[in-house]
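This is run.cif. It holds mmCIF, C-alpha atoms, pLDDT in the B column; chains and numbers go by the auth columns.
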data_run
loop_
_atom_site.group_PDB
_atom_site.id
_atom_site.type_symbol
_atom_site.label_atom_id
_atom_site.label_comp_id
_atom_site.label_asym_id
_atom_site.label_seq_id
_atom_site.Cartn_x
_atom_site.Cartn_y
_atom_site.Cartn_z
_atom_site.B_iso_or_equiv
_atom_site.auth_seq_id
_atom_site.auth_asym_id
ATOM 1 C CA MET A 1 10.436 -22.691 -7.444 46.00 1450 A
ATOM 2 C CA LEU A 2 8.058 -22.647 -4.486 43.00 1451 A
ATOM 3 C CA LEU A 3 9.787 -19.583 -3.095 47.00 1452 A
ATOM 4 C CA LEU A 4 9.489 -17.841 -6.455 47.00 1453 A
ATOM 5 C CA LEU A 5 5.778 -18.608 -6.702 44.00 1454 A
ATOM 6 C CA ALA A 6 5.197 -17.361 -3.180 45.00 1455 A
ATOM 7 C CA ALA A 7 6.951 -14.110 -3.970 46.00 1456 A
ATOM 8 C CA CYS A 8 4.870 -13.616 -7.110 51.00 1457 A
ATOM 9 C CA ALA A 9 1.666 -14.156 -5.155 51.00 1458 A
ATOM 10 C CA GLN A 10 2.335 -11.291 -2.751 57.00 1459 A
ATOM 11 C CA PRO A 11 -0.204 -8.438 -2.944 55.00 1460 A
ATOM 12 C CA LYS A 12 0.694 -5.101 -4.502 57.00 1461 A
ATOM 13 C CA PRO A 13 2.191 -2.526 -2.127 66.00 1462 A
ATOM 14 C CA ALA A 14 -0.257 0.135 -1.004 67.00 1463 A
ATOM 15 C CA ASP A 15 1.667 2.814 -2.899 76.00 1464 A
ATOM 16 C CA ASP A 16 1.239 0.914 -6.159 90.00 1465 A
ATOM 17 C CA ALA A 17 -2.527 0.655 -5.620 92.00 1466 A
ATOM 18 C CA PHE A 18 -2.733 4.380 -4.835 94.00 1467 A
ATOM 19 C CA VAL A 19 -0.780 5.338 -7.946 95.00 1468 A
ATOM 20 C CA ALA A 20 -2.996 3.104 -10.097 95.00 1469 A
ATOM 21 C CA ALA A 21 -6.189 4.497 -8.526 95.00 1470 A
ATOM 22 C CA ALA A 22 -5.085 8.092 -9.119 96.00 1471 A
ATOM 23 C CA ALA A 23 -4.054 7.345 -12.704 96.00 1472 A
ATOM 24 C CA LYS A 24 -7.477 5.880 -13.439 96.00 1473 A
ATOM 25 C CA LEU A 25 -9.350 8.833 -11.913 97.00 1474 A
ATOM 26 C CA ARG A 26 -7.149 11.636 -13.245 97.00 1475 A
ATOM 27 C CA PRO A 27 -8.743 11.780 -16.753 97.00 1476 A
ATOM 28 C CA ALA A 28 -12.161 12.315 -15.120 98.00 1477 A
ATOM 29 C CA THR A 29 -10.916 15.311 -13.112 98.00 1478 A
ATOM 30 C CA ILE A 30 -11.672 18.642 -14.785 97.00 1479 A
ATOM 31 C CA LEU A 31 -10.595 22.261 -14.274 97.00 1480 A
ATOM 32 C CA LEU A 32 -13.450 24.784 -14.249 97.00 1481 A
ATOM 33 C CA THR A 33 -12.699 28.449 -14.941 95.00 1482 A
ATOM 34 C CA MET A 34 -15.178 31.305 -14.508 94.00 1483 A
ATOM 35 C CA ASN A 35 -15.283 35.098 -14.441 91.00 1484 A
ATOM 36 C CA VAL A 36 -16.512 36.870 -11.296 89.00 1485 A
ATOM 37 C CA PRO A 37 -17.036 40.578 -10.596 87.00 1486 A
ATOM 38 C CA GLY A 38 -13.802 42.408 -9.787 81.00 1487 A
ATOM 39 C CA GLU A 39 -13.234 44.673 -6.838 79.00 1488 A
ATOM 40 C CA SER A 40 -14.129 47.641 -9.039 72.00 1489 A
ATOM 41 C CA LYS A 41 -15.555 48.231 -12.503 73.00 1490 A
ATOM 42 C CA LYS A 42 -12.264 49.847 -13.493 73.00 1491 A
ATOM 43 C CA ASP A 43 -10.301 46.678 -12.736 74.00 1492 A
ATOM 44 C CA GLY A 44 -12.664 44.470 -14.728 79.00 1493 A
ATOM 45 C CA PRO A 45 -13.633 40.882 -13.866 87.00 1494 A
ATOM 46 C CA ASP A 46 -11.529 38.453 -11.845 88.00 1495 A
ATOM 47 C CA THR A 47 -11.064 34.747 -12.561 89.00 1496 A
ATOM 48 C CA GLU A 48 -12.423 32.007 -10.308 91.00 1497 A
ATOM 49 C CA TYR A 49 -11.291 28.381 -10.391 93.00 1498 A
ATOM 50 C CA ALA A 50 -12.746 25.093 -9.205 95.00 1499 A
ATOM 51 C CA SER A 51 -12.201 21.420 -9.833 97.00 1500 A
ATOM 52 C CA GLY A 52 -14.853 18.949 -10.927 97.00 1501 A
ATOM 53 C CA VAL A 53 -15.301 15.271 -11.617 98.00 1502 A
ATOM 54 C CA VAL A 54 -17.098 13.670 -14.566 98.00 1503 A
ATOM 55 C CA VAL A 55 -20.009 11.557 -13.299 98.00 1504 A
ATOM 56 C CA ALA A 56 -21.792 10.780 -16.594 97.00 1505 A
ATOM 57 C CA SER A 57 -20.807 10.934 -20.255 97.00 1506 A
ATOM 58 C CA GLY A 58 -21.948 9.717 -23.661 97.00 1507 A
ATOM 59 C CA ASN A 59 -22.695 10.875 -27.180 97.00 1508 A
ATOM 60 C CA TRP A 60 -24.883 13.610 -25.687 96.00 1509 A
ATOM 61 C CA GLY A 61 -21.999 15.233 -23.752 97.00 1510 A
ATOM 62 C CA SER A 62 -20.761 15.049 -20.155 97.00 1511 A
ATOM 63 C CA ASP A 63 -21.999 15.963 -16.684 98.00 1512 A
ATOM 64 C CA ILE A 64 -19.517 17.198 -14.093 98.00 1513 A
ATOM 65 C CA LEU A 65 -20.025 17.394 -10.327 98.00 1514 A
ATOM 66 C CA THR A 66 -18.490 20.332 -8.461 97.00 1515 A
ATOM 67 C CA VAL A 67 -19.175 22.786 -5.613 96.00 1516 A
ATOM 68 C CA GLU A 68 -21.895 25.408 -5.727 96.00 1517 A
ATOM 69 C CA HIS A 69 -20.010 28.180 -3.953 93.00 1518 A
ATOM 70 C CA ALA A 70 -17.430 28.513 -6.740 93.00 1519 A
ATOM 71 C CA LEU A 71 -20.173 29.199 -9.305 95.00 1520 A
ATOM 72 C CA GLU A 72 -21.963 32.039 -7.512 92.00 1521 A
ATOM 73 C CA LYS A 73 -22.308 35.186 -9.651 91.00 1522 A
ATOM 74 C CA THR A 74 -20.090 33.761 -12.385 94.00 1523 A
ATOM 75 C CA TRP A 75 -20.104 33.841 -16.183 94.00 1524 A
ATOM 76 C CA ASN A 76 -17.871 32.831 -19.099 95.00 1525 A
ATOM 77 C CA HIS A 77 -17.785 29.201 -17.964 97.00 1526 A
ATOM 78 C CA VAL A 78 -14.952 27.099 -19.436 97.00 1527 A
ATOM 79 C CA ALA A 79 -13.989 23.494 -18.643 97.00 1528 A
ATOM 80 C CA THR A 80 -10.445 22.298 -19.376 96.00 1529 A
ATOM 81 C CA ILE A 81 -10.275 18.587 -20.206 96.00 1530 A
ATOM 82 C CA GLY A 82 -7.042 16.644 -20.061 94.00 1531 A
ATOM 83 C CA ASN A 83 -5.232 19.888 -19.171 92.00 1532 A
ATOM 84 C CA LYS A 84 -5.493 21.019 -22.818 92.00 1533 A
ATOM 85 C CA ARG A 85 -8.947 20.912 -24.404 95.00 1534 A
ATOM 86 C CA LYS A 86 -11.250 23.811 -23.531 96.00 1535 A
ATOM 87 C CA VAL A 87 -15.045 23.642 -23.864 97.00 1536 A
ATOM 88 C CA ARG A 88 -17.929 25.712 -22.562 97.00 1537 A
ATOM 89 C CA PHE A 89 -20.089 24.428 -19.741 97.00 1538 A
ATOM 90 C CA ALA A 90 -23.508 25.354 -18.402 97.00 1539 A
ATOM 91 C CA VAL A 91 -24.836 24.998 -14.859 97.00 1540 A
ATOM 92 C CA ILE A 92 -27.656 22.412 -14.873 96.00 1541 A
ATOM 93 C CA ALA A 93 -28.543 22.283 -11.164 96.00 1542 A
ATOM 94 C CA SER A 94 -27.204 23.462 -7.822 96.00 1543 A
ATOM 95 C CA ASP A 95 -27.933 23.151 -4.111 96.00 1544 A
ATOM 96 C CA GLY A 96 -26.580 25.883 -1.869 94.00 1545 A
ATOM 97 C CA ASP A 97 -27.333 23.985 1.340 93.00 1546 A
ATOM 98 C CA LEU A 98 -25.259 20.991 0.214 93.00 1547 A
ATOM 99 C CA ASP A 99 -22.773 23.212 -1.648 95.00 1548 A
ATOM 100 C CA VAL A 100 -22.925 21.017 -4.740 96.00 1549 A
ATOM 101 C CA ALA A 101 -23.610 21.740 -8.397 97.00 1550 A
ATOM 102 C CA LEU A 102 -23.926 19.859 -11.679 98.00 1551 A
ATOM 103 C CA VAL A 103 -22.563 21.350 -14.894 98.00 1552 A
ATOM 104 C CA ARG A 104 -22.775 20.046 -18.457 97.00 1553 A
ATOM 105 C CA THR A 105 -20.458 20.257 -21.466 97.00 1554 A
ATOM 106 C CA THR A 106 -20.798 19.137 -25.077 96.00 1555 A
ATOM 107 C CA ALA A 107 -17.596 17.066 -24.758 97.00 1556 A
ATOM 108 C CA LYS A 108 -18.545 13.475 -25.597 97.00 1557 A
ATOM 109 C CA ASN A 109 -17.558 10.101 -24.148 97.00 1558 A
ATOM 110 C CA LEU A 110 -15.167 11.274 -21.452 97.00 1559 A
ATOM 111 C CA PRO A 111 -13.780 8.945 -18.748 97.00 1560 A
ATOM 112 C CA VAL A 112 -16.252 8.706 -15.858 98.00 1561 A
ATOM 113 C CA ALA A 113 -15.395 8.413 -12.166 98.00 1562 A
ATOM 114 C CA THR A 114 -16.641 5.486 -10.102 97.00 1563 A
ATOM 115 C CA LEU A 115 -18.748 6.774 -7.214 97.00 1564 A
ATOM 116 C CA GLY A 116 -18.371 4.742 -4.044 96.00 1565 A
ATOM 117 C CA SER A 117 -20.317 4.786 -0.787 95.00 1566 A
ATOM 118 C CA SER A 118 -20.136 7.042 2.236 90.00 1567 A
ATOM 119 C CA ALA A 119 -20.198 3.850 4.309 89.00 1568 A
ATOM 120 C CA ASP A 120 -16.570 3.336 3.260 91.00 1569 A
ATOM 121 C CA ALA A 121 -15.613 6.763 4.616 90.00 1570 A
ATOM 122 C CA GLN A 122 -14.356 5.641 7.999 92.00 1571 A
ATOM 123 C CA PRO A 123 -11.842 7.480 10.220 94.00 1572 A
ATOM 124 C CA GLY A 124 -8.292 6.324 9.497 95.00 1573 A
ATOM 125 C CA VAL A 125 -8.967 5.270 5.906 95.00 1574 A
ATOM 126 C CA SER A 126 -6.298 6.371 3.407 96.00 1575 A
ATOM 127 C CA ILE A 127 -7.597 8.743 0.760 96.00 1576 A
ATOM 128 C CA GLY A 128 -6.423 10.866 -2.138 96.00 1577 A
ATOM 129 C CA LEU A 129 -7.500 14.163 -3.669 97.00 1578 A
ATOM 130 C CA LEU A 130 -7.171 15.212 -7.296 97.00 1579 A
ATOM 131 C CA GLY A 131 -7.675 18.817 -8.319 95.00 1580 A
ATOM 132 C CA TYR A 132 -6.243 22.122 -9.454 94.00 1581 A
ATOM 133 C CA PRO A 133 -4.844 24.197 -6.561 90.00 1582 A
ATOM 134 C CA ILE A 134 -4.284 27.888 -7.455 86.00 1583 A
ATOM 135 C CA PRO A 135 -3.725 27.178 -11.181 82.00 1584 A
ATOM 136 C CA ASP A 136 -3.116 30.851 -11.943 77.00 1585 A
ATOM 137 C CA GLU A 137 -0.111 30.895 -9.603 79.00 1586 A
ATOM 138 C CA PHE A 138 1.427 27.883 -11.347 75.00 1587 A
ATOM 139 C CA ASP A 139 0.800 29.562 -14.685 74.00 1588 A
ATOM 140 C CA ASN A 140 2.418 32.811 -13.517 77.00 1589 A
ATOM 141 C CA GLU A 141 5.548 30.836 -12.627 78.00 1590 A
ATOM 142 C CA GLY A 142 5.592 29.183 -16.049 77.00 1591 A
ATOM 143 C CA LEU A 143 4.984 25.740 -14.542 86.00 1592 A
ATOM 144 C CA GLY A 144 2.068 24.834 -16.812 83.00 1593 A
ATOM 145 C CA LEU A 145 -1.246 23.170 -16.052 89.00 1594 A
ATOM 146 C CA ALA A 146 -1.338 19.751 -14.396 90.00 1595 A
ATOM 147 C CA THR A 147 -3.683 17.822 -12.151 93.00 1596 A
ATOM 148 C CA SER A 148 -2.290 17.808 -8.609 93.00 1597 A
ATOM 149 C CA LEU A 149 -2.488 14.741 -6.369 96.00 1598 A
ATOM 150 C CA ASN A 150 -2.493 14.841 -2.581 94.00 1599 A
ATOM 151 C CA SER A 151 -2.819 12.062 -0.010 94.00 1600 A
ATOM 152 C CA GLY A 152 -4.127 11.880 3.530 94.00 1601 A
ATOM 153 C CA ARG A 153 -6.613 10.158 5.781 96.00 1602 A
ATOM 154 C CA ILE A 154 -10.149 10.595 6.999 95.00 1603 A
ATOM 155 C CA SER A 155 -9.974 12.257 10.397 93.00 1604 A
ATOM 156 C CA ALA A 156 -13.607 12.176 11.508 92.00 1605 A
ATOM 157 C CA LEU A 157 -17.179 11.982 10.306 93.00 1606 A
ATOM 158 C CA ARG A 158 -18.890 15.278 11.065 88.00 1607 A
ATOM 159 C CA ARG A 159 -22.481 16.372 10.592 87.00 1608 A
ATOM 160 C CA ASP A 160 -22.966 16.495 6.807 88.00 1609 A
ATOM 161 C CA ALA A 161 -19.201 16.476 6.204 91.00 1610 A
ATOM 162 C CA ILE A 162 -16.121 14.257 6.095 95.00 1611 A
ATOM 163 C CA GLU A 163 -13.158 15.760 7.933 94.00 1612 A
ATOM 164 C CA VAL A 164 -9.873 14.992 6.163 94.00 1613 A
ATOM 165 C CA THR A 165 -6.159 15.602 6.762 93.00 1614 A
ATOM 166 C CA LEU A 166 -5.986 17.507 3.482 90.00 1615 A
ATOM 167 C CA PRO A 167 -5.668 21.292 3.136 87.00 1616 A
ATOM 168 C CA ILE A 168 -8.328 22.070 0.526 89.00 1617 A
ATOM 169 C CA VAL A 169 -6.464 24.765 -1.412 89.00 1618 A
ATOM 170 C CA PRO A 170 -8.490 27.284 -3.476 89.00 1619 A
ATOM 171 C CA GLY A 171 -9.076 25.700 -6.883 92.00 1620 A
ATOM 172 C CA GLU A 172 -9.244 22.172 -5.437 93.00 1621 A
ATOM 173 C CA SER A 173 -12.813 22.621 -4.220 95.00 1622 A
ATOM 174 C CA GLY A 174 -15.046 20.321 -6.249 96.00 1623 A
ATOM 175 C CA GLY A 175 -12.319 17.762 -6.827 97.00 1624 A
ATOM 176 C CA PRO A 176 -12.812 14.060 -6.059 98.00 1625 A
ATOM 177 C CA VAL A 177 -11.774 12.656 -2.682 97.00 1626 A
ATOM 178 C CA PHE A 178 -11.189 8.950 -3.324 97.00 1627 A
ATOM 179 C CA LEU A 179 -10.224 5.730 -1.588 97.00 1628 A
ATOM 180 C CA ALA A 180 -6.502 5.153 -1.978 95.00 1629 A
ATOM 181 C CA ASP A 181 -6.863 1.426 -2.633 93.00 1630 A
ATOM 182 C CA SER A 182 -9.698 1.423 -5.184 94.00 1631 A
ATOM 183 C CA GLY A 183 -10.085 4.923 -6.617 95.00 1632 A
ATOM 184 C CA GLU A 184 -13.791 5.047 -5.725 97.00 1633 A
ATOM 185 C CA VAL A 185 -14.949 8.587 -5.011 98.00 1634 A
ATOM 186 C CA ILE A 186 -16.296 8.917 -1.459 97.00 1635 A
ATOM 187 C CA GLY A 187 -16.486 12.700 -1.223 96.00 1636 A
ATOM 188 C CA ILE A 188 -16.290 16.031 -3.032 97.00 1637 A
ATOM 189 C CA ALA A 189 -13.626 18.437 -1.724 95.00 1638 A
ATOM 190 C CA GLU A 190 -15.365 21.452 -0.281 92.00 1639 A
ATOM 191 C CA SER A 191 -13.573 23.743 2.160 79.00 1640 A
ATOM 192 C CA ARG A 192 -11.085 24.180 4.988 69.00 1641 A
ATOM 193 C CA PHE A 193 -10.830 26.114 8.218 61.00 1642 A
ATOM 194 C CA GLU A 194 -9.365 29.568 7.707 67.00 1643 A
ATOM 195 C CA ASP A 195 -7.579 29.520 11.072 62.00 1644 A
ATOM 196 C CA GLU A 196 -6.305 25.940 10.784 63.00 1645 A
ATOM 197 C CA ARG A 197 -5.735 25.290 7.108 67.00 1646 A
ATOM 198 C CA SER A 198 -4.509 21.719 7.510 73.00 1647 A
ATOM 199 C CA ILE A 199 -8.083 20.596 8.300 86.00 1648 A
ATOM 200 C CA GLY A 200 -10.258 20.069 5.237 88.00 1649 A
ATOM 201 C CA PHE A 201 -13.830 18.983 4.627 91.00 1650 A
ATOM 202 C CA ALA A 202 -15.579 17.014 1.895 95.00 1651 A
ATOM 203 C CA LEU A 203 -19.230 16.481 1.027 96.00 1652 A
ATOM 204 C CA PRO A 204 -20.134 12.787 1.580 96.00 1653 A
ATOM 205 C CA ILE A 205 -20.702 11.102 -1.763 97.00 1654 A
ATOM 206 C CA ASN A 206 -24.062 9.656 -0.685 96.00 1655 A
ATOM 207 C CA ASP A 207 -25.368 13.225 -0.294 96.00 1656 A
ATOM 208 C CA ALA A 208 -24.074 14.009 -3.773 96.00 1657 A
ATOM 209 C CA LYS A 209 -25.746 10.861 -5.130 96.00 1658 A
ATOM 210 C CA ARG A 210 -29.111 11.967 -3.765 96.00 1659 A
ATOM 211 C CA PHE A 211 -28.599 15.306 -5.493 96.00 1660 A
ATOM 212 C CA LEU A 212 -27.766 13.502 -8.750 96.00 1661 A
ATOM 213 C CA HIS A 213 -30.805 11.243 -8.415 96.00 1662 A
ATOM 214 C CA LYS A 214 -32.957 14.350 -8.233 95.00 1663 A
ATOM 215 C CA HIS A 215 -31.324 16.281 -11.062 94.00 1664 A
ATOM 216 C CA ASP A 216 -29.629 13.699 -13.318 93.00 1665 A
ATOM 217 C CA ALA A 217 -31.735 10.550 -13.115 93.00 1666 A
ATOM 218 C CA ALA A 218 -31.740 10.268 -16.899 91.00 1667 A
ATOM 219 C CA HIS A 219 -28.083 9.223 -16.762 90.00 1668 A
ATOM 220 C CA GLY A 220 -28.456 6.386 -14.278 85.00 1669 A
ATOM 221 C CA PHE A 221 -28.637 8.100 -10.901 87.00 1670 A
#
Spit out the file's structure as structure tokens when you get a sec.
Amino acid sequence: MLLLLAACAQPKPADDAFVAAAAKLRPATILLTMNVPGESKKDGPDTEYASGVVVASGNWGSDILTVEHALEKTWNHVATIGNKRKVRFAVIASDGDLDVALVRTTAKNLPVATLGSSADAQPGVSIGLLGYPIPDEFDNEGLGLATSLNSGRISALRRDAIEVTLPIVPGESGGPVFLADSGEVIGIAESRFEDERSIGFALPINDAKRFLHKHDAAHGF
């Protein structure tokens, strides 16, 4: 009996905690689709993709945090919720220096991500990334739309950026980078090196929080 009780008291494996954290955060991860100017007027507009994370929601609608660079010169803004429901969104605020933006939809009472602290973003910490890498390519192959999950670690703390062992694939920018054990968001996926694509970068969540405090204080920031 004592042996049985001891076995039951053992902590969850790290993989179990990571799976649970990702499952909790996945419903708050949103696909953003926009039109951008094409290479020529004859070809018509192209489609741009980004990921986003719901940071506030209620009967009034929902606010989604994403990256600013994906929204430049865009129109026809559509957010896909739960990989099925499509709603329009509008850009509420943006900061080109931070490369962060806040967009709003009329979708009510969506799951909201838990924002952590940049103090927890230490080199070696296990992290995850949820987002939508090249969704058009998956669609072309008939594979459907799904939120992709990747795992890695924090490599280093850079000036105004968290270096991660995650290749930030186009479409994943704006997605939540989260602690593998708790699911708390500690960064917003931003970019990667063109010459060394295995090195990615995320905006520290404390910088994003200051942006939200300035532009979304009405919803608790």
First collect every listed atom of region 1549-1557 of chain A; then fit an axis-aligned box around them, widen it by 5 Å on each side, and give centre and edge lengths in Å to one decimal, as JSON.
{"center_x": -20.8, "center_y": 17.6, "center_z": -15.2, "size_x": 16.3, "size_y": 18.3, "size_z": 30.9}
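With all atoms listed in the file as the atoms that count, the minimum distance from His1526 (chain A) to the choices A:Ile1637, A:Val1552, A:Ala1477, A:Ala1666 is reached by A:Val1552.
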Find the residues around Ile1583 (chain A) up to 7 Å (only C-alpha atoms counted), leave out those fewer than 4 positions away in its own chain, and share them as a PDB file with C-alpha atoms, in the frame of the given file.
ATOM      1  CA  PHE A1587       1.427  27.883 -11.347  1.00 75.00           C
ATOM      2  CA  PRO A1619      -8.490  27.284  -3.476  1.00 89.00           C
ATOM      3  CA  GLY A1620      -9.076  25.700  -6.883  1.00 92.00           C
TER       4      GLY A1620
END
Excluding region 1529-1543 of chain A and its own-chain neighbours fewer than 3 positions away, which residues fall within 9 Å of it when counting all atoms listed in the file? Please give them as a compact mmCIF listing (two decimals) with C-alpha atoms, in the coordinates of the input.
# COMPACT_ATOMS: atom_id res chain seq x y z
CA ARG A 1475 -7.15 11.64 -13.24
CA PRO A 1476 -8.74 11.78 -16.75
CA ALA A 1477 -12.16 12.32 -15.12
CA THR A 1478 -10.92 15.31 -13.11
CA ILE A 1479 -11.67 18.64 -14.78
CA LEU A 1480 -10.60 22.26 -14.27
CA LEU A 1481 -13.45 24.78 -14.25
CA THR A 1482 -12.70 28.45 -14.94
CA ASP A 1512 -22.00 15.96 -16.68
CA VAL A 1516 -19.18 22.79 -5.61
CA GLU A 1517 -21.90 25.41 -5.73
CA LEU A 1520 -20.17 29.20 -9.30
CA ASN A 1525 -17.87 32.83 -19.10
CA HIS A 1526 -17.78 29.20 -17.96
CA LEU A 1547 -25.26 20.99 0.21
CA ASP A 1548 -22.77 23.21 -1.65
CA VAL A 1549 -22.92 21.02 -4.74
CA ALA A 1550 -23.61 21.74 -8.40
CA LEU A 1551 -23.93 19.86 -11.68
CA VAL A 1552 -22.56 21.35 -14.89
CA ARG A 1553 -22.78 20.05 -18.46
CA THR A 1554 -20.46 20.26 -21.47
CA THR A 1555 -20.80 19.14 -25.08
CA ALA A 1556 -17.60 17.07 -24.76
CA LEU A 1559 -15.17 11.27 -21.45
CA LEU A 1594 -1.25 23.17 -16.05
CA ALA A 1595 -1.34 19.75 -14.40
CA THR A 1596 -3.68 17.82 -12.15
CA PHE A 1660 -28.60 15.31 -5.49
CA HIS A 1664 -31.32 16.28 -11.06
CA ASP A 1665 -29.63 13.70 -13.32
- Message: Please expand the PyMOL selection byres ((chain A and resi 1493-1507) around 7) into the concrete residues it hits in this file, giving the result as JSON, numbers by chain.
- Response: {"A": [1477, 1478, 1479, 1480, 1481, 1482, 1483, 1484, 1485, 1486, 1487, 1489, 1490, 1491, 1492, 1508, 1509, 1510, 1511, 1512, 1513, 1514, 1515, 1519, 1557, 1558, 1559, 1561, 1562, 1580, 1581, 1620, 1621, 1622, 1623, 1624, 1625, 1668]}
- Task: Would you kindly return, as a list in words, each protein, DNA or RNA residue with an atom no farther than 6 Å from any atom of Ala1470 (chain A), considering all atoms listed in the file and excluding same-chain residues fewer than 3 positions away?
- Result: Phe1467, Lys1473, Ser1631 and Gly1632 of chain A
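For the pair CA of Val1618 (chain A) and CA of Leu1606 (chain A), the separation is 20.4 Å.
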- Pairwise distance for CA of Asp1464 (chain A) and CA of Val1626 (chain A), rounded to one decimal in Å: 16.7 Å
- Query: What separation in Å, quoted to one decimal, exists between CA of Pro1653 (chain A) and CA of Ile1635 (chain A)?
  - Reply: 6.2 Å
- Message: What would the selection look like, as a ChimeraX atom specification, if the PyMOL selection byres ((chain A and resi 1598-1602) around 10) were run on the coordinates I just shared?
- Response: /A:1467-1468,1471-1472,1475,1570-1582,1595-1597,1603-1605,1612-1617,1626-1629
